[in-house]
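Containing PDB, C-alpha atoms, pLDDT in the B column: start_26.pdb.
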ATOM      1  CA  MET A1480      25.592  53.561  59.524  1.00 55.00           C
ATOM      2  CA  LYS A1481      24.389  55.408  56.524  1.00 63.00           C
ATOM      3  CA  ARG A1482      20.819  56.598  56.307  1.00 58.00           C
ATOM      4  CA  LYS A1483      20.186  54.547  53.152  1.00 61.00           C
ATOM      5  CA  SER A1484      21.351  51.328  54.914  1.00 59.00           C
ATOM      6  CA  LYS A1485      19.040  51.953  57.885  1.00 52.00           C
ATOM      7  CA  LEU A1486      16.122  52.546  55.549  1.00 48.00           C
ATOM      8  CA  THR A1487      16.900  49.352  53.624  1.00 49.00           C
ATOM      9  CA  ILE A1488      17.060  47.325  56.859  1.00 50.00           C
ATOM     10  CA  ALA A1489      13.767  48.847  58.085  1.00 40.00           C
ATOM     11  CA  ILE A1490      12.004  48.047  54.796  1.00 51.00           C
ATOM     12  CA  ALA A1491      13.384  44.506  54.742  1.00 43.00           C
ATOM     13  CA  THR A1492      12.299  43.938  58.354  1.00 46.00           C
ATOM     14  CA  ALA A1493       8.791  45.259  57.668  1.00 42.00           C
ATOM     15  CA  LEU A1494       8.494  43.097  54.545  1.00 44.00           C
ATOM     16  CA  LEU A1495       9.616  40.015  56.474  1.00 40.00           C
ATOM     17  CA  ALA A1496       7.038  40.740  59.207  1.00 40.00           C
ATOM     18  CA  VAL A1497       4.276  41.041  56.597  1.00 40.00           C
ATOM     19  CA  LEU A1498       5.315  37.756  54.940  1.00 39.00           C
ATOM     20  CA  VAL A1499       5.411  35.898  58.272  1.00 37.00           C
ATOM     21  CA  ALA A1500       1.978  37.284  59.241  1.00 38.00           C
ATOM     22  CA  ALA A1501       0.558  36.283  55.846  1.00 38.00           C
ATOM     23  CA  ALA A1502       1.973  32.765  56.201  1.00 37.00           C
ATOM     24  CA  VAL A1503       0.495  32.348  59.689  1.00 37.00           C
ATOM     25  CA  TYR A1504      -2.861  33.707  58.497  1.00 40.00           C
ATOM     26  CA  ALA A1505      -2.881  31.370  55.477  1.00 40.00           C
ATOM     27  CA  GLN A1506      -1.977  28.375  57.628  1.00 41.00           C
ATOM     28  CA  ASN A1507      -4.837  29.101  60.027  1.00 48.00           C
ATOM     29  CA  ASN A1508      -7.323  29.589  57.180  1.00 58.00           C
ATOM     30  CA  ASP A1509      -6.382  26.636  54.946  1.00 89.00           C
ATOM     31  CA  LYS A1510      -9.735  25.025  55.774  1.00 93.00           C
ATOM     32  CA  TYR A1511     -11.485  27.789  53.867  1.00 94.00           C
ATOM     33  CA  LEU A1512      -9.715  26.711  50.663  1.00 95.00           C
ATOM     34  CA  LEU A1513     -11.279  23.231  50.828  1.00 96.00           C
ATOM     35  CA  LYS A1514     -14.078  22.063  48.568  1.00 95.00           C
ATOM     36  CA  SER A1515     -16.003  18.813  48.938  1.00 94.00           C
ATOM     37  CA  PRO A1516     -16.535  16.364  46.042  1.00 91.00           C
ATOM     38  CA  SER A1517     -20.128  17.654  45.903  1.00 85.00           C
ATOM     39  CA  GLY A1518     -18.810  21.180  45.275  1.00 90.00           C
ATOM     40  CA  ILE A1519     -19.556  22.630  48.699  1.00 94.00           C
ATOM     41  CA  ALA A1520     -16.819  24.994  49.817  1.00 96.00           C
ATOM     42  CA  PHE A1521     -15.846  25.201  53.481  1.00 97.00           C
ATOM     43  CA  SER A1522     -15.602  28.958  52.918  1.00 97.00           C
ATOM     44  CA  ASP A1523     -19.425  29.035  52.535  1.00 96.00           C
ATOM     45  CA  PHE A1524     -19.532  28.396  56.284  1.00 97.00           C
ATOM     46  CA  LYS A1525     -17.008  31.022  57.317  1.00 96.00           C
ATOM     47  CA  GLY A1526     -17.832  32.317  60.780  1.00 96.00           C
ATOM     48  CA  TYR A1527     -19.565  29.108  61.890  1.00 97.00           C
ATOM     49  CA  GLU A1528     -17.477  29.207  65.065  1.00 96.00           C
ATOM     50  CA  ASP A1529     -19.717  32.049  66.276  1.00 97.00           C
ATOM     51  CA  TRP A1530     -23.115  30.702  65.141  1.00 98.00           C
ATOM     52  CA  SER A1531     -25.829  29.891  67.681  1.00 97.00           C
ATOM     53  CA  VAL A1532     -26.293  26.390  69.009  1.00 97.00           C
ATOM     54  CA  ALA A1533     -29.467  24.821  67.641  1.00 96.00           C
ATOM     55  CA  SER A1534     -29.192  21.373  69.191  1.00 95.00           C
ATOM     56  CA  SER A1535     -26.874  18.600  70.298  1.00 95.00           C
ATOM     57  CA  ALA A1536     -26.702  14.843  69.993  1.00 94.00           C
ATOM     58  CA  ARG A1537     -24.561  12.029  71.250  1.00 93.00           C
ATOM     59  CA  THR A1538     -23.639   8.555  70.122  1.00 93.00           C
ATOM     60  CA  ASP A1539     -21.656   6.096  72.229  1.00 91.00           C
ATOM     61  CA  GLU A1540     -18.419   7.670  70.996  1.00 91.00           C
ATOM     62  CA  ILE A1541     -19.196  11.113  69.567  1.00 95.00           C
ATOM     63  CA  LEU A1542     -20.593  14.385  70.926  1.00 96.00           C
ATOM     64  CA  LYS A1543     -22.299  16.455  68.251  1.00 96.00           C
ATOM     65  CA  VAL A1544     -23.066  20.150  68.663  1.00 97.00           C
ATOM     66  CA  ILE A1545     -25.244  21.548  65.901  1.00 97.00           C
ATOM     67  CA  VAL A1546     -24.819  25.244  65.155  1.00 98.00           C
ATOM     68  CA  ALA A1547     -26.926  27.213  62.690  1.00 98.00           C
ATOM     69  CA  ASN A1548     -26.421  30.444  60.799  1.00 98.00           C
ATOM     70  CA  PRO A1549     -28.685  33.443  61.538  1.00 98.00           C
ATOM     71  CA  ALA A1550     -31.048  32.648  58.627  1.00 98.00           C
ATOM     72  CA  MET A1551     -31.698  29.165  59.966  1.00 97.00           C
ATOM     73  CA  ILE A1552     -32.029  30.320  63.581  1.00 97.00           C
ATOM     74  CA  LYS A1553     -34.604  32.906  62.459  1.00 97.00           C
ATOM     75  CA  ALA A1554     -36.554  30.171  60.635  1.00 97.00           C
ATOM     76  CA  TYR A1555     -36.372  27.861  63.659  1.00 97.00           C
ATOM     77  CA  LYS A1556     -37.717  30.644  65.895  1.00 96.00           C
ATOM     78  CA  ALA A1557     -40.563  31.225  63.405  1.00 96.00           C
ATOM     79  CA  GLY A1558     -41.578  27.573  63.849  1.00 95.00           C
ATOM     80  CA  VAL A1559     -39.910  25.905  60.859  1.00 96.00           C
ATOM     81  CA  PRO A1560     -40.233  23.020  60.144  1.00 95.00           C
ATOM     82  CA  GLY A1561     -43.048  22.231  62.611  1.00 92.00           C
ATOM     83  CA  ASN A1562     -45.315  24.876  61.074  1.00 94.00           C
ATOM     84  CA  GLY A1563     -45.296  23.145  57.689  1.00 92.00           C
ATOM     85  CA  GLN A1564     -42.821  25.607  56.203  1.00 95.00           C
ATOM     86  CA  VAL A1565     -39.382  24.723  54.858  1.00 97.00           C
ATOM     87  CA  PHE A1566     -36.099  26.390  55.674  1.00 98.00           C
ATOM     88  CA  PRO A1567     -35.279  29.261  53.308  1.00 98.00           C
ATOM     89  CA  ASP A1568     -32.412  29.134  50.851  1.00 98.00           C
ATOM     90  CA  GLY A1569     -29.275  30.335  52.594  1.00 98.00           C
ATOM     91  CA  SER A1570     -29.983  28.297  55.742  1.00 98.00           C
ATOM     92  CA  MET A1571     -26.883  26.459  56.967  1.00 98.00           C
ATOM     93  CA  ILE A1572     -25.928  24.167  59.794  1.00 97.00           C
ATOM     94  CA  VAL A1573     -22.633  22.719  60.926  1.00 98.00           C
ATOM     95  CA  LYS A1574     -22.552  19.607  63.057  1.00 97.00           C
ATOM     96  CA  LEU A1575     -19.327  19.828  65.086  1.00 98.00           C
ATOM     97  CA  GLN A1576     -18.175  16.402  66.255  1.00 97.00           C
ATOM     98  CA  TRP A1577     -15.825  15.445  69.077  1.00 97.00           C
ATOM     99  CA  LYS A1578     -14.664  12.130  70.458  1.00 95.00           C
ATOM    100  CA  LEU A1579     -15.493  11.812  74.149  1.00 94.00           C
ATOM    101  CA  LYS A1580     -13.463  11.192  77.285  1.00 93.00           C
ATOM    102  CA  LYS A1581     -14.290  10.959  80.958  1.00 93.00           C
ATOM    103  CA  SER A1582     -13.542  14.131  82.868  1.00 94.00           C
ATOM    104  CA  THR A1583     -10.677  13.754  85.304  1.00 94.00           C
ATOM    105  CA  GLU A1584     -11.633  16.986  87.064  1.00 94.00           C
ATOM    106  CA  ALA A1585     -15.392  16.849  87.608  1.00 92.00           C
ATOM    107  CA  PRO A1586     -16.582  15.543  90.989  1.00 94.00           C
ATOM    108  CA  ILE A1587     -19.237  13.442  89.192  1.00 95.00           C
ATOM    109  CA  VAL A1588     -19.013  10.975  86.322  1.00 93.00           C
ATOM    110  CA  VAL A1589     -19.242  13.090  83.190  1.00 93.00           C
ATOM    111  CA  GLU A1590     -17.946  12.808  79.658  1.00 93.00           C
ATOM    112  CA  VAL A1591     -16.474  15.859  77.965  1.00 93.00           C
ATOM    113  CA  PRO A1592     -15.222  16.648  74.458  1.00 94.00           C
ATOM    114  CA  ASP A1593     -11.770  15.270  73.760  1.00 94.00           C
ATOM    115  CA  VAL A1594     -10.491  15.300  70.185  1.00 94.00           C
ATOM    116  CA  PHE A1595     -12.356  17.274  67.534  1.00 96.00           C
ATOM    117  CA  SER A1596     -12.982  14.960  64.570  1.00 96.00           C
ATOM    118  CA  GLN A1597     -15.131  16.553  61.864  1.00 96.00           C
ATOM    119  CA  ALA A1598     -17.501  19.211  60.670  1.00 97.00           C
ATOM    120  CA  PHE A1599     -20.574  17.895  58.846  1.00 95.00           C
ATOM    121  CA  VAL A1600     -22.163  20.774  56.929  1.00 96.00           C
ATOM    122  CA  MET A1601     -25.529  21.310  55.281  1.00 96.00           C
ATOM    123  CA  GLU A1602     -26.443  24.198  53.017  1.00 96.00           C
ATOM    124  CA  LYS A1603     -29.939  24.972  51.666  1.00 97.00           C
ATOM    125  CA  ASP A1604     -29.871  26.093  48.042  1.00 96.00           C
ATOM    126  CA  SER A1605     -32.810  24.831  45.985  1.00 96.00           C
ATOM    127  CA  LYS A1606     -31.214  25.803  42.693  1.00 96.00           C
ATOM    128  CA  ARG A1607     -27.856  24.074  43.332  1.00 94.00           C
ATOM    129  CA  PHE A1608     -29.284  20.969  45.025  1.00 93.00           C
ATOM    130  CA  PRO A1609     -32.725  20.325  43.463  1.00 93.00           C
ATOM    131  CA  LYS A1610     -32.418  16.516  43.634  1.00 90.00           C
ATOM    132  CA  SER A1611     -31.784  16.414  47.385  1.00 91.00           C
ATOM    133  CA  GLY A1612     -34.646  18.460  48.756  1.00 93.00           C
ATOM    134  CA  GLY A1613     -32.645  21.650  48.260  1.00 95.00           C
ATOM    135  CA  TRP A1614     -29.891  20.613  50.687  1.00 95.00           C
ATOM    136  CA  GLY A1615     -26.212  20.115  49.937  1.00 94.00           C
ATOM    137  CA  TYR A1616     -24.093  17.987  52.257  1.00 95.00           C
ATOM    138  CA  ALA A1617     -20.372  17.724  52.927  1.00 95.00           C
ATOM    139  CA  VAL A1618     -17.997  16.379  55.543  1.00 95.00           C
ATOM    140  CA  PHE A1619     -14.693  17.998  56.455  1.00 96.00           C
ATOM    141  CA  ASN A1620     -12.457  15.793  58.600  1.00 96.00           C
ATOM    142  CA  TYR A1621     -10.073  17.216  61.162  1.00 96.00           C
ATOM    143  CA  GLU A1622      -6.704  15.665  61.989  1.00 95.00           C
ATOM    144  CA  ALA A1623      -5.522  16.845  65.401  1.00 94.00           C
ATOM    145  CA  ALA A1624      -1.895  15.783  64.860  1.00 94.00           C
ATOM    146  CA  SER A1625      -1.495  18.099  61.872  1.00 94.00           C
ATOM    147  CA  ASP A1626      -4.136  20.651  62.973  1.00 95.00           C
ATOM    148  CA  LYS A1627      -5.596  20.435  59.445  1.00 96.00           C
ATOM    149  CA  PHE A1628      -8.975  19.873  57.853  1.00 96.00           C
ATOM    150  CA  THR A1629      -9.496  17.785  54.708  1.00 95.00           C
ATOM    151  CA  ALA A1630     -12.554  17.300  52.539  1.00 95.00           C
ATOM    152  CA  ASP A1631     -13.892  13.789  53.067  1.00 93.00           C
ATOM    153  CA  PRO A1632     -13.592  11.974  49.710  1.00 90.00           C
ATOM    154  CA  LYS A1633     -16.737   9.899  50.512  1.00 85.00           C
ATOM    155  CA  SER A1634     -18.758  13.030  51.207  1.00 76.00           C
ATOM    156  CA  PRO A1635     -21.740  13.337  50.795  1.00 72.00           C
ATOM    157  CA  SER A1636     -22.333   9.573  50.569  1.00 60.00           C
ATOM    158  CA  ASP A1637     -21.040   9.389  54.157  1.00 60.00           C
ATOM    159  CA  CYS A1638     -24.389  10.746  55.337  1.00 70.00           C
ATOM    160  CA  GLY A1639     -26.259  12.992  53.023  1.00 71.00           C
ATOM    161  CA  TYR A1640     -29.625  13.099  51.347  1.00 74.00           C
ATOM    162  CA  ALA A1641     -30.256   9.330  51.560  1.00 79.00           C
ATOM    163  CA  CYS A1642     -29.504   9.393  55.276  1.00 88.00           C
ATOM    164  CA  HIS A1643     -31.868  12.334  55.801  1.00 89.00           C
ATOM    165  CA  THR A1644     -34.885  11.018  53.853  1.00 89.00           C
ATOM    166  CA  PRO A1645     -36.538   9.604  57.021  1.00 92.00           C
ATOM    167  CA  VAL A1646     -37.042  13.240  58.122  1.00 93.00           C
ATOM    168  CA  LYS A1647     -38.256  14.549  54.766  1.00 92.00           C
ATOM    169  CA  ALA A1648     -41.419  15.897  56.459  1.00 93.00           C
ATOM    170  CA  LYS A1649     -39.152  18.053  58.658  1.00 94.00           C
ATOM    171  CA  ASP A1650     -37.296  19.470  55.641  1.00 95.00           C
ATOM    172  CA  TYR A1651     -34.572  16.812  56.049  1.00 93.00           C
ATOM    173  CA  ILE A1652     -33.444  18.117  59.454  1.00 95.00           C
ATOM    174  CA  PHE A1653     -33.066  15.628  62.319  1.00 92.00           C
ATOM    175  CA  HIS A1654     -32.365  18.081  65.094  1.00 89.00           C
ATOM    176  CA  PRO A1655     -35.065  20.421  66.363  1.00 90.00           C
ATOM    177  CA  TYR A1656     -34.253  23.810  67.784  1.00 91.00           C
ATOM    178  CA  GLN A1657     -33.897  23.216  71.528  1.00 87.00           C
ATOM    179  CA  LYS A1658     -35.849  25.329  73.988  1.00 84.00           C
ATOM    180  CA  ARG A1659     -33.789  27.703  76.121  1.00 85.00           C
TER
END
Let me see the file written as structure tokens.
Amino acid sequence: MKRKSKLTIAIATALLAVLVAAAVYAQNNDKYLLKSPSGIAFSDFKGYEDWSVASSARTDEILKVIVANPAMIKAYKAGVPGNGQVFPDGSMIVKLQWKLKKSTEAPIVVEVPDVFSQAFVMEKDSKRFPKSGGWGYAVFNYEAASDKFTADPKSPSDCGYACHTPVKAKDYIFHPYQKR
């Protein structure tokens, strides 16, 4: 084989590998292209998978794990909102929600996460969200069958500012930082 042909094949193979890698990367990061009807971008919460757990909650059907970004964790540790202060702009939480199932492995009766269903996000930005106590709300639904997120078209009316007004005195946050 001629040297030029080998070089052409090597370049074509490398280019194909780069295109495949880019396609896989894009597919796995499609959620970060989403924007809610309220204008909140999922990309604002990039890295939430590694944020600290602030709290958890459970309904009859859903397990909720609330994670917070470093700015919010720092405020929690400083006593916000119990000390009369409000969370600083830049504070963010993500409420990760799973449907539940009974464990088939545990020796006791226990429910465990089953299907991930949605990410409910809150972002503190007093300039962008002055009418809602400085908080912006959005819901991003997850469809397990397609492994895709979508912006909830009802968001934030699904549960936003109006839902959080009962905890206005706690800067609109239901979940306290749990002791460790």
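Take the candidates A:His1654, A:His1643, A:Lys1580, A:Lys1606 and check each one against Lys1543 of chain A using only C-alpha atoms; the shortest distance goes to A:His1654.
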What do you get, as a ChimeraX atom specification, if you spell out every residue that the PyMOL selection byres ((chain A and resi 1510) around 8) selects here? /A:1507-1509,1511-1513,1521-1522,1627-1629
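When only C-alpha atoms are used to compute distances to Asn1548 of chain A, the closest of the residues A:Ala1641, A:Leu1579, A:Met1601, A:Val1589 turns out to be A:Met1601.
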In Å, rounded to a single decimal, give me how far atom CA of Ala1533 of chain A is from atom CA of Tyr1616 of chain A.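 Distance between the two atoms: 17.7 Å.
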For Phe1653 of chain A, which of A:Ala1557, A:Ala1536, A:Met1571, A:Ala1550 is the closest residue, counting all atoms listed in the file? A:Ala1536
Taking the file as shown, what set of residues would the PyMOL selection byres ((chain A and resi 1545) around 7) give back, as a list in words?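 Selection result, ordered by chain and number: Val1532, Ala1533, Ser1534, Ser1535, Lys1543, Val1544, Val1546, Ala1547, Ile1572, Val1573, Lys1574 and Leu1575 of chain A.
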Skip Ser1570 of chain A itself and residues of its chain fewer than 2 positions away, then list as a PyMOL selection string all residues within 10 Å of it, counting only C-alpha atoms. chain A and resi 1547-1554+1566-1568+1572+1601-1604+1614
